[in-house]
Amino acid sequence: MELGRRFEGRNVLVVGGGADGPPRPGEALAMGNGRAIALRVAAEGAAVAVTDRNLDSARETVAALGGPGIALQADAADPDECRQAVDDAVAALGTLDAVVLNVGIASGLPLLAETVDDWRWHDDVNVRSHWLTAQQALPGMVERGHGAFVFVSSVAAVLGGSGLAYEATKAAQVAVSRHIAVRYAKRGIRSNCLLLGLIDSTMVRREFGGIDGRMDKRAAAPPMKRQGRPEEVAAAAAFLASDDASYVNGTTLVVDGGLSVT
Ligand SMILES: NC(=O)c1ccc[n+]([C@@H]2O[C@H](COP(=O)([O-])OP(=O)(O)OC[C@H]3O[C@@H](n4cnc5c(N)ncnc54)[C@H](O)[C@@H]3O)[C@@H](O)[C@H]2O)c1
C-alpha cells in the first residue's frame, strides 16, 4: 500500500514510543503500538520525537524511522521528566503539531487484590503523565492555533474484564482527552482517543506469549478471529493526528475487530 505524505513538514511527539517485548516470529524489530505509530507518521513525512523510559528502545525506534527524529529518555511516572520530555522535543524539532500519548501499563489485578501502590502506579503512568504532557505541549500549540492530541486508550475504559486500576485509569485517560477537546477546540486544538481491543503488541507478547494457549484465546475472541496489529493501530492514530480528521474532535475511535459489539 502506498502511503500519503500527510505529515510532511510536521513534527510529532510519541510518548512511550519504544517497544518492550519480543518481536513477532521472523521479524527483527519488536513492534509495540507506540513504535508502530512513530514509524507510520515518519513514513508519511513527520519528524518524530520518541520518548521512553528505556532510551535504547527509543533509539531503536528512531533508527528505524528512515527520517528525522530524536530519542529521549523519560519516565512517565516522574512529573518533571514528563515536562522535560516535551521541552526537549520542542528544542529538537522546533514545534509540535501532534502529540501521541501512548504510554500505558497494566498489572491486571482484580479489586480484592488491588493495592494502593499498584493503583498509584497506574494513575501516575496512565493518567497523570498524559495530563502533564498535554499541559506542557498545549501553550505552544495554542499560540500557533494548531495541534492534535491522540490518546491511546483501551476498550477497558468502557468494558470490564481487565484489571481494576487499568479499567479506571483508561477511562480517566478518555476524560483527559475529552477535556482538551472541549476546552481548546476554539483555539485550533483537536483531541481524540483510540480504544484498542486485543492487539498483538510487544506488551502482550511479553505478558502472554509464554502462556500456553493464551495468544490463541485472544485471537479467537473478536469476530474477526485474530488480534489486531500495532500497524493497524498506527493507521488509526495517524488518521486522528492528521488533517484528514480536521472535523473529528472529542471522539473515541474503537479499534478492536468488533470485540466490543459482540
Ligand atoms: N496491546 C494491547 O492489546 C493493548 C490493548 C489496549 C490498549 N493498549 C494500549 O496501548 C499502549 C501501548 O501498549 P503496548 O502494548 O504497545 O505496550 P509496550 O509495553 O510494548 O510498549 C509501551 C512502551 O512504553 C514504555 N514504558 C512503559 N512504562 C513507561 C514509563 N513509566 N515511562 C516511559 N515509558 C514507559 C515501554 O518501555 C514500552 O517501550 C498502552 O497505552 C496500552 O494500554 C494496548
# chains A, B, ... in the order shown; residues from 1 in each chain; ligands from 1
call {"tool": "residues_near_ligand", "arguments": {"ligand": "ligand 1", "cutoff": "7 Å", "atoms": "only C-alpha atoms and all ligand atoms", "output": "number ranges by chain"}}
result
A: 16-21, 32-34, 51-54, 57, 74-77, 102-106, 125-126, 152-155, 195-204
call {"tool": "residues_around", "arguments": {"residues": "Arg59 of chain A", "least_positions_apart": "3", "cutoff": "10 Å", "atoms": "only C-alpha atoms", "output": "compact mmCIF listing (two decimals) with N, CA, C and O atoms, in the first residue's frame"}}
result
# COMPACT_ATOMS: atom_id res chain seq x y z
N GLY A 17 7.27 5.51 22.93
CA GLY A 17 7.43 5.07 21.54
C GLY A 17 8.48 3.99 21.34
O GLY A 17 8.88 3.72 20.20
N GLY A 18 8.91 3.37 22.44
CA GLY A 18 9.79 2.21 22.28
C GLY A 18 8.93 0.97 22.11
O GLY A 18 7.80 1.04 21.62
N VAL A 50 10.69 10.64 20.02
CA VAL A 50 10.23 9.40 20.66
C VAL A 50 10.74 9.38 22.10
O VAL A 50 11.94 9.45 22.32
N THR A 51 9.83 9.30 23.06
CA THR A 51 10.27 9.16 24.45
C THR A 51 10.00 7.75 24.93
O THR A 51 9.08 7.07 24.46
N ASP A 52 10.79 7.33 25.87
CA ASP A 52 10.57 6.04 26.53
C ASP A 52 11.40 6.04 27.81
O ASP A 52 12.41 6.74 27.89
N ASN A 54 13.07 3.58 28.58
CA ASN A 54 14.21 2.83 28.10
C ASN A 54 14.79 3.54 26.86
O ASN A 54 14.23 3.44 25.77
N LEU A 55 15.89 4.25 27.07
CA LEU A 55 16.45 5.07 25.99
C LEU A 55 16.88 4.22 24.80
O LEU A 55 16.69 4.61 23.64
N ASP A 56 17.43 3.04 25.06
CA ASP A 56 17.86 2.18 23.96
C ASP A 56 16.67 1.82 23.07
O ASP A 56 16.78 1.75 21.84
N VAL A 62 13.87 5.28 16.65
CA VAL A 62 14.34 6.40 15.83
C VAL A 62 15.24 5.89 14.69
O VAL A 62 15.17 6.39 13.56
N ALA A 63 16.05 4.88 15.00
CA ALA A 63 16.93 4.33 13.95
C ALA A 63 16.11 3.73 12.81
O ALA A 63 16.57 3.67 11.67
N ALA A 64 14.91 3.29 13.11
CA ALA A 64 14.07 2.64 12.09
C ALA A 64 13.16 3.63 11.35
O ALA A 64 12.45 3.24 10.41
N LEU A 65 13.17 4.91 11.75
CA LEU A 65 12.22 5.87 11.17
C LEU A 65 12.46 6.11 9.68
O LEU A 65 11.51 6.36 8.93
N GLY A 69 14.51 12.38 13.47
CA GLY A 69 13.88 12.05 14.74
C GLY A 69 14.87 12.19 15.87
O GLY A 69 16.08 12.30 15.66
N ILE A 70 14.32 12.19 17.08
CA ILE A 70 15.18 12.24 18.26
C ILE A 70 14.62 11.29 19.31
O ILE A 70 13.40 11.21 19.50
N ALA A 71 15.54 10.58 19.97
CA ALA A 71 15.14 9.67 21.05
C ALA A 71 15.42 10.34 22.38
O ALA A 71 16.49 10.91 22.58
N LEU A 72 14.43 10.26 23.29
CA LEU A 72 14.56 10.92 24.59
C LEU A 72 14.23 9.95 25.70
O LEU A 72 13.24 9.21 25.61
N GLN A 73 15.04 9.98 26.76
CA GLN A 73 14.74 9.14 27.92
C GLN A 73 13.81 9.92 28.84
O GLN A 73 14.10 11.07 29.20
call {"tool": "select_by_dssp", "arguments": {"residues": "segment 52-107 of chain A", "states": "strand (DSSP E or B)", "output": "list in words"}}
result
Asp52, Gly69, Ile70, Ala71, Leu72, Gln73, Ala98, Val99, Val100 and Leu101 of chain A
call {"tool": "write_last_selection", "arguments": {"atoms": "C-alpha atoms", "output": "PDB file, in the first residue's frame"}}
result
ATOM      1  CA  ASP A  52      10.574   6.037  26.533  1.00  0.00           C
ATOM      2  CA  GLY A  69      13.884  12.048  14.741  1.00  0.00           C
ATOM      3  CA  ILE A  70      15.183  12.237  18.263  1.00  0.00           C
ATOM      4  CA  ALA A  71      15.144   9.665  21.045  1.00  0.00           C
ATOM      5  CA  LEU A  72      14.562  10.924  24.587  1.00  0.00           C
ATOM      6  CA  GLN A  73      14.736   9.136  27.919  1.00  0.00           C
ATOM      7  CA  ALA A  98       0.748  16.387  17.140  1.00  0.00           C
ATOM      8  CA  VAL A  99       1.322  14.548  20.403  1.00  0.00           C
ATOM      9  CA  VAL A 100       0.547  10.840  20.728  1.00  0.00           C
ATOM     10  CA  LEU A 101       0.043   9.773  24.350  1.00  0.00           C
TER      11      LEU A 101
END
call {"tool": "select_by_dssp", "arguments": {"residues": "segment 55-181 of chain A", "states": "alpha helix (DSSP H)", "output": "ChimeraX atom specification"}}
result
/A:55-63,79-93,116-123,129-144,164-181
call {"tool": "closest_residue", "arguments": {"among": "A:Val176, A:Leu132, A:Val150, A:Leu112", "to": "Val14 of chain A", "atoms": "only C-alpha atoms"}}
result
A:Val150
call {"tool": "closest_residue", "arguments": {"among": "A:Ser129, A:Asn11, A:Ser177, A:Thr262", "to": "Ser191 of chain A", "atoms": "only C-alpha atoms"}}
result
A:Ser177
call {"tool": "atom_distance", "arguments": {"atom1": "atom CA of Ala113 of chain A", "atom2": "atom CA of Leu194 of chain A"}}
result
28.1 Å
call {"tool": "atom_distance", "arguments": {"atom1": "atom CA of Arg128 of chain A", "atom2": "atom CA of Phe7 of chain A"}}
result
27.8 Å
call {"tool": "closest_residue", "arguments": {"among": "A:Gly250, A:Pro230, A:Gly9, A:Gly94", "to": "Ile37 of chain A", "atoms": "only C-alpha atoms"}}
result
A:Pro230
call {"tool": "residues_around", "arguments": {"residues": "Leu259 of chain A", "least_positions_apart": "2", "cutoff": "8 Å", "atoms": "only C-alpha atoms", "output": "JSON, numbers by chain"}}
result
{"A": [197, 221, 222, 223, 256, 257, 261, 262]}
call {"tool": "closest_residue", "arguments": {"among": "A:Val116, A:Ala181, A:Ala49, A:Ala42", "to": "Leu13 of chain A", "atoms": "only C-alpha atoms"}}
result
A:Ala49
call {"tool": "closest_residue", "arguments": {"among": "A:Met1, A:Ala89, A:Val41, A:Ala36", "to": "Val233 of chain A", "atoms": "only C-alpha atoms"}}
result
A:Ala36
call {"tool": "closest_atom_pairs", "arguments": {"of": "segment 16-121 of chain A", "to": "segment 164-167 of chain A", "cutoff": "7 Å", "atoms": "only C-alpha atoms", "output": "CSV"}}
result
residue,atom,partner,partner_atom,distance
A:Ala106,CA,A:Tyr166,CA,5.7
A:Gly108,CA,A:Tyr166,CA,6.9
A:Leu109,CA,A:Leu164,CA,6.2
A:Pro110,CA,A:Leu164,CA,5.4
A:Leu111,CA,A:Leu164,CA,5.7
A:Trp119,CA,A:Ala165,CA,5.5
call {"tool": "write_last_selection", "arguments": {"atoms": "C-alpha atoms", "output": "compact mmCIF listing (two decimals), in the first residue's frame"}}
result
# COMPACT_ATOMS: atom_id res chain seq x y z
CA ALA A 106 -1.29 -2.86 33.12
CA GLY A 108 -4.32 -6.88 35.66
CA LEU A 109 -5.17 -7.01 39.38
CA PRO A 110 -8.85 -7.51 40.29
CA LEU A 111 -10.49 -5.43 43.04
CA TRP A 119 -3.29 1.94 41.87
call {"tool": "atom_distance", "arguments": {"atom1": "atom CA of Arg6 of chain A", "atom2": "atom CA of Glu44 of chain A"}}
result
5.7 Å
call {"tool": "decode", "arguments": {"residues": "segment 135-183 of chain A", "atoms": "C-alpha atoms", "output": "mmCIF file, in the first residue's frame"}}
result
data_model
loop_
_atom_site.group_PDB
_atom_site.id
_atom_site.type_symbol
_atom_site.label_atom_id
_atom_site.label_comp_id
_atom_site.auth_asym_id
_atom_site.auth_seq_id
_atom_site.Cartn_x
_atom_site.Cartn_y
_atom_site.Cartn_z
ATOM 1 C CA GLN A 135 -0.208 20.734 29.862
ATOM 2 C CA GLN A 136 3.368 21.295 28.720
ATOM 3 C CA ALA A 137 2.647 20.908 24.998
ATOM 4 C CA LEU A 138 -0.587 22.916 24.801
ATOM 5 C CA PRO A 139 0.674 26.513 25.150
ATOM 6 C CA GLY A 140 2.878 26.279 22.049
ATOM 7 C CA MET A 141 0.067 24.703 20.043
ATOM 8 C CA VAL A 142 -2.458 27.289 21.212
ATOM 9 C CA GLU A 143 -0.019 30.056 20.285
ATOM 10 C CA ARG A 144 0.132 28.719 16.736
ATOM 11 C CA GLY A 145 -3.612 27.917 16.656
ATOM 12 C CA HIS A 146 -2.977 24.356 15.585
ATOM 13 C CA GLY A 147 -2.378 20.976 17.213
ATOM 14 C CA ALA A 148 -3.715 17.461 17.650
ATOM 15 C CA PHE A 149 -3.608 15.046 20.569
ATOM 16 C CA VAL A 150 -4.125 11.312 20.181
ATOM 17 C CA PHE A 151 -4.551 9.306 23.372
ATOM 18 C CA VAL A 152 -4.006 5.549 23.167
ATOM 19 C CA SER A 153 -6.625 4.086 25.481
ATOM 20 C CA SER A 154 -8.400 0.755 25.594
ATOM 21 C CA VAL A 155 -11.843 -0.791 25.365
ATOM 22 C CA ALA A 156 -11.158 -1.470 29.061
ATOM 23 C CA ALA A 157 -12.232 2.164 29.509
ATOM 24 C CA VAL A 158 -15.802 1.058 28.811
ATOM 25 C CA LEU A 159 -15.774 -2.731 29.369
ATOM 26 C CA GLY A 160 -14.994 -4.864 32.404
ATOM 27 C CA GLY A 161 -12.762 -7.930 32.456
ATOM 28 C CA SER A 162 -9.308 -6.357 32.823
ATOM 29 C CA GLY A 163 -7.580 -5.181 35.998
ATOM 30 C CA LEU A 164 -9.449 -2.637 38.122
ATOM 31 C CA ALA A 165 -6.781 0.083 38.079
ATOM 32 C CA TYR A 166 -6.275 -0.390 34.341
ATOM 33 C CA GLU A 167 -10.004 -0.028 33.642
ATOM 34 C CA ALA A 168 -10.294 3.041 35.885
ATOM 35 C CA THR A 169 -7.222 4.814 34.540
ATOM 36 C CA LYS A 170 -8.014 4.062 30.894
ATOM 37 C CA ALA A 171 -11.447 5.634 31.479
ATOM 38 C CA ALA A 172 -9.744 8.629 33.093
ATOM 39 C CA GLN A 173 -7.466 8.934 30.065
ATOM 40 C CA VAL A 174 -10.580 9.371 27.909
ATOM 41 C CA ALA A 175 -11.715 12.124 30.280
ATOM 42 C CA VAL A 176 -8.418 13.991 29.842
ATOM 43 C CA SER A 177 -8.791 13.803 26.068
ATOM 44 C CA ARG A 178 -12.421 14.949 26.232
ATOM 45 C CA HIS A 179 -11.487 17.876 28.454
ATOM 46 C CA ILE A 180 -8.920 19.123 25.946
ATOM 47 C CA ALA A 181 -11.345 18.575 23.069
ATOM 48 C CA VAL A 182 -13.996 20.768 24.676
ATOM 49 C CA ARG A 183 -11.804 23.454 26.214
#
